[in-house]
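> So here's entry_27.cif (mmCIF, C-alpha atoms and all ligand atoms).
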```
data_start
#
loop_
_atom_site.group_PDB
_atom_site.id
_atom_site.type_symbol
_atom_site.label_atom_id
_atom_site.label_comp_id
_atom_site.auth_asym_id
_atom_site.auth_seq_id
_atom_site.Cartn_x
_atom_site.Cartn_y
_atom_site.Cartn_z
ATOM 1 C CA MET A 1 -6.603 -3.251 -27.675
ATOM 2 C CA SER A 2 -3.581 -2.686 -25.419
ATOM 3 C CA ASP A 3 -3.499 -3.994 -21.865
ATOM 4 C CA ARG A 4 -5.076 -1.853 -19.207
ATOM 5 C CA ILE A 5 -2.285 -1.503 -16.659
ATOM 6 C CA ALA A 6 -2.784 0.147 -13.291
ATOM 7 C CA VAL A 7 -0.222 0.997 -10.649
ATOM 8 C CA TYR A 8 -1.132 0.937 -6.963
ATOM 9 C CA PRO A 9 1.719 2.855 -5.280
ATOM 10 C CA GLY A 10 2.390 3.266 -1.605
ATOM 11 C CA SER A 11 4.707 2.828 1.335
ATOM 12 C CA PHE A 12 2.965 -0.337 2.591
ATOM 13 C CA ASP A 13 4.887 -0.186 5.901
ATOM 14 C CA PRO A 14 3.236 -2.601 6.527
ATOM 15 C CA ILE A 15 0.495 -3.722 4.165
ATOM 16 C CA HIS A 16 -2.849 -4.111 5.988
ATOM 17 C CA ASN A 17 -6.295 -5.467 5.202
ATOM 18 C CA GLY A 18 -7.467 -2.109 3.822
ATOM 19 C CA HIS A 19 -4.725 -2.291 1.164
ATOM 20 C CA LEU A 20 -5.552 -5.935 0.442
ATOM 21 C CA ASP A 21 -9.246 -5.102 0.095
ATOM 22 C CA LEU A 22 -8.381 -2.423 -2.443
ATOM 23 C CA ILE A 23 -6.143 -4.803 -4.407
ATOM 24 C CA GLU A 24 -8.941 -7.348 -4.525
ATOM 25 C CA ARG A 25 -11.424 -4.719 -5.706
ATOM 26 C CA CYS A 26 -9.306 -3.281 -8.490
ATOM 27 C CA ARG A 27 -7.684 -6.473 -9.787
ATOM 28 C CA PRO A 28 -10.694 -7.482 -11.942
ATOM 29 C CA LEU A 29 -10.862 -3.986 -13.451
ATOM 30 C CA TYR A 30 -7.417 -4.091 -15.076
ATOM 31 C CA ASP A 31 -5.389 -6.599 -17.083
ATOM 32 C CA ARG A 32 -2.301 -5.954 -14.965
ATOM 33 C CA LEU A 33 -2.029 -4.419 -11.539
ATOM 34 C CA VAL A 34 1.441 -3.365 -10.423
ATOM 35 C CA ILE A 35 1.740 -2.844 -6.689
ATOM 36 C CA ALA A 36 4.609 -0.388 -6.356
ATOM 37 C CA VAL A 37 6.470 0.021 -3.069
ATOM 38 C CA LEU A 38 8.256 3.350 -2.748
ATOM 39 C CA ARG A 39 11.976 3.214 -1.911
ATOM 40 C CA ASN A 40 12.399 6.309 0.201
ATOM 41 C CA GLU A 41 15.699 6.525 2.061
ATOM 42 C CA ALA A 42 14.577 9.774 3.707
ATOM 43 C CA LYS A 43 11.640 8.158 5.496
ATOM 44 C CA ARG A 44 12.263 5.903 8.502
ATOM 45 C CA ALA A 45 10.386 2.675 8.009
ATOM 46 C CA LEU A 46 9.786 -0.306 10.283
ATOM 47 C CA PHE A 47 10.068 -2.860 7.485
ATOM 48 C CA SER A 48 12.804 -2.781 4.879
ATOM 49 C CA VAL A 49 11.641 -2.444 1.274
ATOM 50 C CA ASP A 50 12.834 -6.011 0.567
ATOM 51 C CA GLU A 51 10.794 -7.302 3.481
ATOM 52 C CA ARG A 52 7.714 -5.401 2.310
ATOM 53 C CA LEU A 53 8.139 -6.793 -1.197
ATOM 54 C CA GLU A 54 8.486 -10.316 0.199
ATOM 55 C CA ILE A 55 5.348 -9.983 2.339
ATOM 56 C CA ILE A 56 3.249 -8.531 -0.491
ATOM 57 C CA ARG A 57 4.525 -11.083 -3.015
ATOM 58 C CA ASP A 58 3.631 -13.896 -0.610
ATOM 59 C CA LEU A 59 0.133 -12.475 -0.188
ATOM 60 C CA VAL A 60 -0.809 -11.505 -3.749
ATOM 61 C CA GLY A 61 2.154 -12.267 -6.008
ATOM 62 C CA LYS A 62 0.549 -15.404 -7.384
ATOM 63 C CA ASP A 63 -2.777 -13.716 -8.155
ATOM 64 C CA ARG A 64 -3.462 -13.463 -11.855
ATOM 65 C CA GLY A 65 -2.357 -10.132 -13.279
ATOM 66 C CA CYS A 66 -0.721 -8.970 -10.042
ATOM 67 C CA GLU A 67 2.903 -7.848 -9.913
ATOM 68 C CA VAL A 68 4.866 -6.407 -7.022
ATOM 69 C CA GLU A 69 7.750 -4.012 -7.652
ATOM 70 C CA SER A 70 9.650 -1.268 -5.896
ATOM 71 C CA PHE A 71 10.385 2.144 -7.323
ATOM 72 C CA SER A 72 12.326 5.255 -6.468
ATOM 73 C CA GLY A 73 12.100 8.737 -7.897
ATOM 74 C CA LEU A 74 8.964 10.029 -9.549
ATOM 75 C CA LEU A 75 5.908 7.815 -9.761
ATOM 76 C CA VAL A 76 5.154 9.070 -13.274
ATOM 77 C CA ASP A 77 8.608 7.886 -14.431
ATOM 78 C CA PHE A 78 7.968 4.445 -12.977
ATOM 79 C CA MET A 79 4.604 4.409 -14.732
ATOM 80 C CA ASP A 80 6.330 5.089 -18.034
ATOM 81 C CA GLN A 81 8.699 2.184 -17.379
ATOM 82 C CA VAL A 82 5.827 -0.262 -16.857
ATOM 83 C CA GLY A 83 3.632 1.273 -19.558
ATOM 84 C CA ALA A 84 0.831 2.332 -17.201
ATOM 85 C CA ARG A 85 -1.422 5.400 -17.274
ATOM 86 C CA ILE A 86 -3.621 4.676 -14.285
ATOM 87 C CA VAL A 87 -2.741 5.272 -10.652
ATOM 88 C CA VAL A 88 -5.038 3.647 -8.120
ATOM 89 C CA ARG A 89 -5.301 5.151 -4.658
ATOM 90 C CA GLY A 90 -7.581 4.380 -1.746
ATOM 91 C CA LEU A 91 -9.704 7.188 -0.336
ATOM 92 C CA ARG A 92 -10.772 6.452 3.209
ATOM 93 C CA ALA A 93 -12.201 9.616 4.628
ATOM 94 C CA VAL A 94 -12.503 13.303 3.811
ATOM 95 C CA THR A 95 -9.195 13.820 5.610
ATOM 96 C CA ASP A 96 -7.388 11.868 2.868
ATOM 97 C CA PHE A 97 -8.804 14.059 0.165
ATOM 98 C CA GLU A 98 -6.476 17.056 0.230
ATOM 99 C CA TYR A 99 -3.256 15.032 0.182
ATOM 100 C CA GLU A 100 -4.572 12.676 -2.477
ATOM 101 C CA PHE A 101 -5.912 15.503 -4.627
ATOM 102 C CA GLN A 102 -2.569 17.311 -4.432
ATOM 103 C CA MET A 103 -0.728 14.183 -5.541
ATOM 104 C CA ALA A 104 -3.187 13.497 -8.346
ATOM 105 C CA MET A 105 -2.870 17.064 -9.656
ATOM 106 C CA MET A 106 0.919 17.036 -9.430
ATOM 107 C CA ASN A 107 1.124 13.697 -11.234
ATOM 108 C CA ARG A 108 -1.198 15.028 -13.942
ATOM 109 C CA ARG A 109 0.957 18.095 -14.324
ATOM 110 C CA LEU A 110 4.092 15.967 -14.588
ATOM 111 C CA ASN A 111 2.423 13.699 -17.126
ATOM 112 C CA PRO A 112 -1.016 14.720 -18.476
ATOM 113 C CA ARG A 113 -1.633 11.159 -19.686
ATOM 114 C CA VAL A 114 -1.669 9.850 -16.112
ATOM 115 C CA GLU A 115 -5.101 9.478 -14.524
ATOM 116 C CA THR A 116 -5.695 8.817 -10.833
ATOM 117 C CA VAL A 117 -8.568 6.541 -9.884
ATOM 118 C CA PHE A 118 -9.779 6.734 -6.294
ATOM 119 C CA MET A 119 -11.379 3.721 -4.719
ATOM 120 C CA ALA A 120 -13.171 3.369 -1.399
ATOM 121 C CA PRO A 121 -12.193 0.455 0.817
ATOM 122 C CA LYS A 122 -14.665 -1.673 2.740
ATOM 123 C CA GLU A 123 -16.254 0.458 5.500
ATOM 124 C CA GLU A 124 -14.555 -1.484 8.315
ATOM 125 C CA TYR A 125 -11.134 -0.394 7.003
ATOM 126 C CA ASN A 126 -12.040 3.276 6.697
ATOM 127 C CA TYR A 127 -9.995 4.260 9.733
ATOM 128 C CA LEU A 128 -7.112 1.847 9.128
ATOM 129 C CA SER A 129 -3.588 3.053 8.366
ATOM 130 C CA SER A 130 -0.115 1.529 8.545
ATOM 131 C CA SER A 131 0.897 4.064 11.222
ATOM 132 C CA LEU A 132 -2.060 3.083 13.392
ATOM 133 C CA VAL A 133 -1.268 -0.602 12.901
ATOM 134 C CA LYS A 134 2.261 -0.027 14.238
ATOM 135 C CA GLU A 135 1.104 2.162 17.106
ATOM 136 C CA VAL A 136 -1.701 -0.162 18.218
ATOM 137 C CA PHE A 137 0.583 -3.196 18.013
ATOM 138 C CA SER A 138 3.360 -1.550 20.004
ATOM 139 C CA LEU A 139 0.857 -0.645 22.731
ATOM 140 C CA GLY A 140 -0.495 -4.186 22.943
ATOM 141 C CA GLY A 141 -3.832 -3.613 21.164
ATOM 142 C CA ASP A 142 -5.757 -6.254 19.254
ATOM 143 C CA LEU A 143 -5.221 -6.200 15.483
ATOM 144 C CA THR A 144 -7.355 -9.241 14.697
ATOM 145 C CA GLY A 145 -9.003 -8.843 11.298
ATOM 146 C CA LEU A 146 -6.994 -5.745 10.448
ATOM 147 C CA VAL A 147 -3.706 -7.202 9.210
ATOM 148 C CA PRO A 148 -2.909 -10.520 7.518
ATOM 149 C CA ASP A 149 -1.177 -13.209 9.629
ATOM 150 C CA PRO A 150 2.274 -12.852 8.017
ATOM 151 C CA VAL A 151 2.276 -9.156 8.931
ATOM 152 C CA LEU A 152 1.270 -9.919 12.507
ATOM 153 C CA ALA A 153 4.089 -12.465 12.763
ATOM 154 C CA ARG A 154 6.618 -9.958 11.473
ATOM 155 C CA LEU A 155 5.318 -7.195 13.730
ATOM 156 C CA ARG A 156 5.984 -9.542 16.634
ATOM 157 C CA ARG A 157 9.519 -10.078 15.377
ATOM 158 C CA HIS A 158 10.163 -6.343 15.008
ATOM 159 C CA LEU A 159 8.279 -4.853 17.926
ATOM 160 C CA GLU A 160 7.795 -7.518 20.602
ATOM 161 C CA PRO A 161 9.892 -6.699 23.668
ATOM 162 C CA ARG A 162 12.808 -9.124 23.960
ATOM 163 C CA SER A 163 12.034 -9.800 27.656
ATOM 164 C CA GLY A 164 9.192 -12.129 26.531
ATOM 165 C CA ARG A 165 6.736 -10.247 28.752
ATOM 166 C CA SER A 166 3.225 -11.400 27.833
ATOM 167 C CA ARG A 167 1.079 -8.930 25.925
ATOM 168 C CA ARG A 168 -2.612 -8.563 25.429
ATOM 169 C CA ARG A 169 -3.451 -9.340 21.822
HETATM 170 O O1 LIG B 201 1.370 5.062 1.134
HETATM 171 P P1 LIG B 201 1.782 6.487 0.929
HETATM 172 O O2 LIG B 201 3.010 6.800 1.762
HETATM 173 O O3 LIG B 201 0.665 7.464 1.147
HETATM 174 O O4 LIG B 201 2.223 6.601 -0.626
HETATM 175 C C1 LIG B 201 2.711 7.808 -1.140
HETATM 176 C C2 LIG B 201 3.282 7.628 -2.567
HETATM 177 C C3 LIG B 201 4.333 6.534 -2.589
HETATM 178 C C4 LIG B 201 2.166 7.258 -3.506
HETATM 179 C C5 LIG B 201 3.877 9.000 -2.999
HETATM 180 O O5 LIG B 201 4.700 9.471 -1.994
HETATM 181 C C6 LIG B 201 4.664 8.937 -4.295
HETATM 182 O O6 LIG B 201 4.118 8.661 -5.335
HETATM 183 N N1 LIG B 201 5.981 9.173 -4.205
HETATM 184 C C7 LIG B 201 6.873 9.151 -5.331
HETATM 185 C C8 LIG B 201 7.500 10.519 -5.571
HETATM 186 C C9 LIG B 201 6.648 11.366 -6.508
HETATM 187 O O7 LIG B 201 6.329 10.963 -7.612
HETATM 188 N N2 LIG B 201 6.309 12.601 -6.052
HETATM 189 C C10 LIG B 201 5.588 13.566 -6.851
HETATM 190 C C11 LIG B 201 4.119 13.265 -7.033
HETATM 191 S S1 LIG B 201 3.202 13.507 -5.584
#
```
Could you render the structure from this file as structure tokens?
Ligand code: PNS

Amino acid sequence: MSDRIAVYPGSFDPIHNGHLDLIERCRPLYDRLVIAVLRNEAKRALFSVDERLEIIRDLVGKDRGCEVESFSGLLVDFMDQVGARIVVRGLRAVTDFEYEFQMAMMNRRLNPRVETVFMAPKEEYNYLSSSLVKEVFSLGGDLTGLVPDPVLARLRRHLEPRSGRSRRR
């Protein structure tokens, strides 16, 4: 039987514990899991794609069956390149549904062999998003338990005011 290969695509700007929870949940279900970071020049990101790849590789790159790649262009084309038919996406709340459903239907139309599998993260990450992580950090909020340490360290490097003013964390 051929390998079951799944692709978990996203912006991951930055990766947070909700993403990591999903990776942990779906890794045992597939022989190979390719975490695919979108290269999107049109979208302003805090972390460069290379930095995101480095962070994610450090966190999960050594896990059995886990690979971390970047892609540009259509997801379905990238899936062809890696020989995958399954897209994994996290579904947090009802609000995610419309966007995710649209993407799943469009990907199916572009390639009818592609199936999207939705997975629910642990309840405590239901409200977590990369945008909120950046906003909460920049306003001095506590992100304990929501992002891995390497992400916190890099957020400090990118967003901490240079004056060295102390922040609540
Ligand atoms: O983490 P995000 O930003 O919600 O991830 C969105 C992503 C990367 C999965 C989506 O934008 C994508 O697949 N982009 C690639 C372009 C593409 O294939 N578009 C057509 C299908 S929707």
> Residues within 6 Å of ligand LIG 201 (chain B), counting all atoms listed in the file: report them as an NGL selection string.
:A and (9-12 or 38 or 73-75 or 103 or 106-107)
> Any chance you could export the current selection's C-alpha atoms as an mmCIF file, in the coordinates of the input?

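This went into result-v3.cif:
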```cif
data_model
loop_
_atom_site.group_PDB
_atom_site.id
_atom_site.type_symbol
_atom_site.label_atom_id
_atom_site.label_comp_id
_atom_site.auth_asym_id
_atom_site.auth_seq_id
_atom_site.Cartn_x
_atom_site.Cartn_y
_atom_site.Cartn_z
ATOM 1 C CA PRO A 9 1.719 2.855 -5.280
ATOM 2 C CA GLY A 10 2.390 3.266 -1.605
ATOM 3 C CA SER A 11 4.707 2.828 1.335
ATOM 4 C CA PHE A 12 2.965 -0.337 2.591
ATOM 5 C CA LEU A 38 8.256 3.350 -2.748
ATOM 6 C CA GLY A 73 12.100 8.737 -7.897
ATOM 7 C CA LEU A 74 8.964 10.029 -9.549
ATOM 8 C CA LEU A 75 5.908 7.815 -9.761
ATOM 9 C CA MET A 103 -0.728 14.183 -5.541
ATOM 10 C CA MET A 106 0.919 17.036 -9.430
ATOM 11 C CA ASN A 107 1.124 13.697 -11.234
#
```
> Write out as a JSON list (two decimals) with C-alpha atoms, in the coordinates of the input the residues lying within 10 Å of region 98-102 of chain A, counting all atoms listed in the file and excluding same-chain residues fewer than 6 positions away.

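As a result, result.json now contains:
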```json
[["chain", "number", "residue", "atom", "x", "y", "z"],
["A", 89, "ARG", "CA", -5.30, 5.15, -4.66],
["A", 90, "GLY", "CA", -7.58, 4.38, -1.75],
["A", 91, "LEU", "CA", -9.70, 7.19, -0.34],
["A", 108, "ARG", "CA", -1.20, 15.03, -13.94],
["A", 116, "THR", "CA", -5.70, 8.82, -10.83],
["A", 118, "PHE", "CA", -9.78, 6.73, -6.29]]
```
> Could you check which of A:His19, A:Val151, A:Val76, A:Leu146 is closest to Arg109 (chain A), using only C-alpha atoms?
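Selected residue with least distance to Arg109 (chain A): A:Val76.
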> Any chance you could resolve the PyMOL selection byres (((chain A and resi 113) around 12) and not hetatm) against this file and give the residues as a PDB file with C-alpha atoms, in the frame of the given file?

```
ATOM      1  CA  VAL A  76       5.154   9.070 -13.274  1.00  0.00           C
ATOM      2  CA  ASP A  77       8.608   7.886 -14.431  1.00  0.00           C
ATOM      3  CA  MET A  79       4.604   4.409 -14.732  1.00  0.00           C
ATOM      4  CA  ASP A  80       6.330   5.089 -18.034  1.00  0.00           C
ATOM      5  CA  GLY A  83       3.632   1.273 -19.558  1.00  0.00           C
ATOM      6  CA  ALA A  84       0.831   2.332 -17.201  1.00  0.00           C
ATOM      7  CA  ARG A  85      -1.422   5.400 -17.274  1.00  0.00           C
ATOM      8  CA  ILE A  86      -3.621   4.676 -14.285  1.00  0.00           C
ATOM      9  CA  VAL A  87      -2.741   5.272 -10.652  1.00  0.00           C
ATOM     10  CA  ALA A 104      -3.187  13.497  -8.346  1.00  0.00           C
ATOM     11  CA  MET A 105      -2.870  17.064  -9.656  1.00  0.00           C
ATOM     12  CA  ASN A 107       1.124  13.697 -11.234  1.00  0.00           C
ATOM     13  CA  ARG A 108      -1.198  15.028 -13.942  1.00  0.00           C
ATOM     14  CA  ARG A 109       0.957  18.095 -14.324  1.00  0.00           C
ATOM     15  CA  LEU A 110       4.092  15.967 -14.588  1.00  0.00           C
ATOM     16  CA  ASN A 111       2.423  13.699 -17.126  1.00  0.00           C
ATOM     17  CA  PRO A 112      -1.016  14.720 -18.476  1.00  0.00           C
ATOM     18  CA  VAL A 114      -1.669   9.850 -16.112  1.00  0.00           C
ATOM     19  CA  GLU A 115      -5.101   9.478 -14.524  1.00  0.00           C
ATOM     20  CA  THR A 116      -5.695   8.817 -10.833  1.00  0.00           C
TER      21      THR A 116
END
```
> Please determine, counting all atoms listed in the file, which residue among A:Ala6, A:Ser138, A:Ala45, A:Asp50 has the shortest atom-to-atom distance to Leu33 (chain A).
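Closest to Leu33 (chain A) of all the choices is A:Ala6.
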> Just give me the gap between CA of Ser72 (chain A) and CA of Ile5 (chain A) in Å, one decimal is fine.
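Spanning CA of Ser72 (chain A) to CA of Ile5 (chain A) is a straight-line distance of 19.1 Å.
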> Residue by residue, what does the PyMOL selection byres (((chain A and resi 27) around 12) and not hetatm) grab here? Present the result as a VMD selection string.
chain A and resid 4 to 8 20 to 26 28 to 35 60 63 to 67 88 119
> Please compute the CA of Arg154 (chain A)-CA of Phe47 (chain A) distance, one decimal, in Å.
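Taking CA of Arg154 (chain A) and CA of Phe47 (chain A), their separation equals 8.8 Å.
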> Please indicate the distance in Å from CA of Val68 (chain A) to CA of Leu143 (chain A), rounded to one decimal place.
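Going from CA of Val68 (chain A) over to CA of Leu143 (chain A) covers 24.7 Å.
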> Under the rule that only C-alpha atoms are counted, which of A:Ile56, A:Leu159, A:Val117, A:Val82 is the nearest residue to Asn17 (chain A)?
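For Asn17 (chain A), the nearest of the candidates is A:Ile56.
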> Quick one: residues within 8 Å of Gly18 (chain A), only C-alpha atoms, excluding same-chain residues fewer than 4 positions away - as a PyMOL selection string?
chain A and resi 22+121-122+125-126+128-129+146
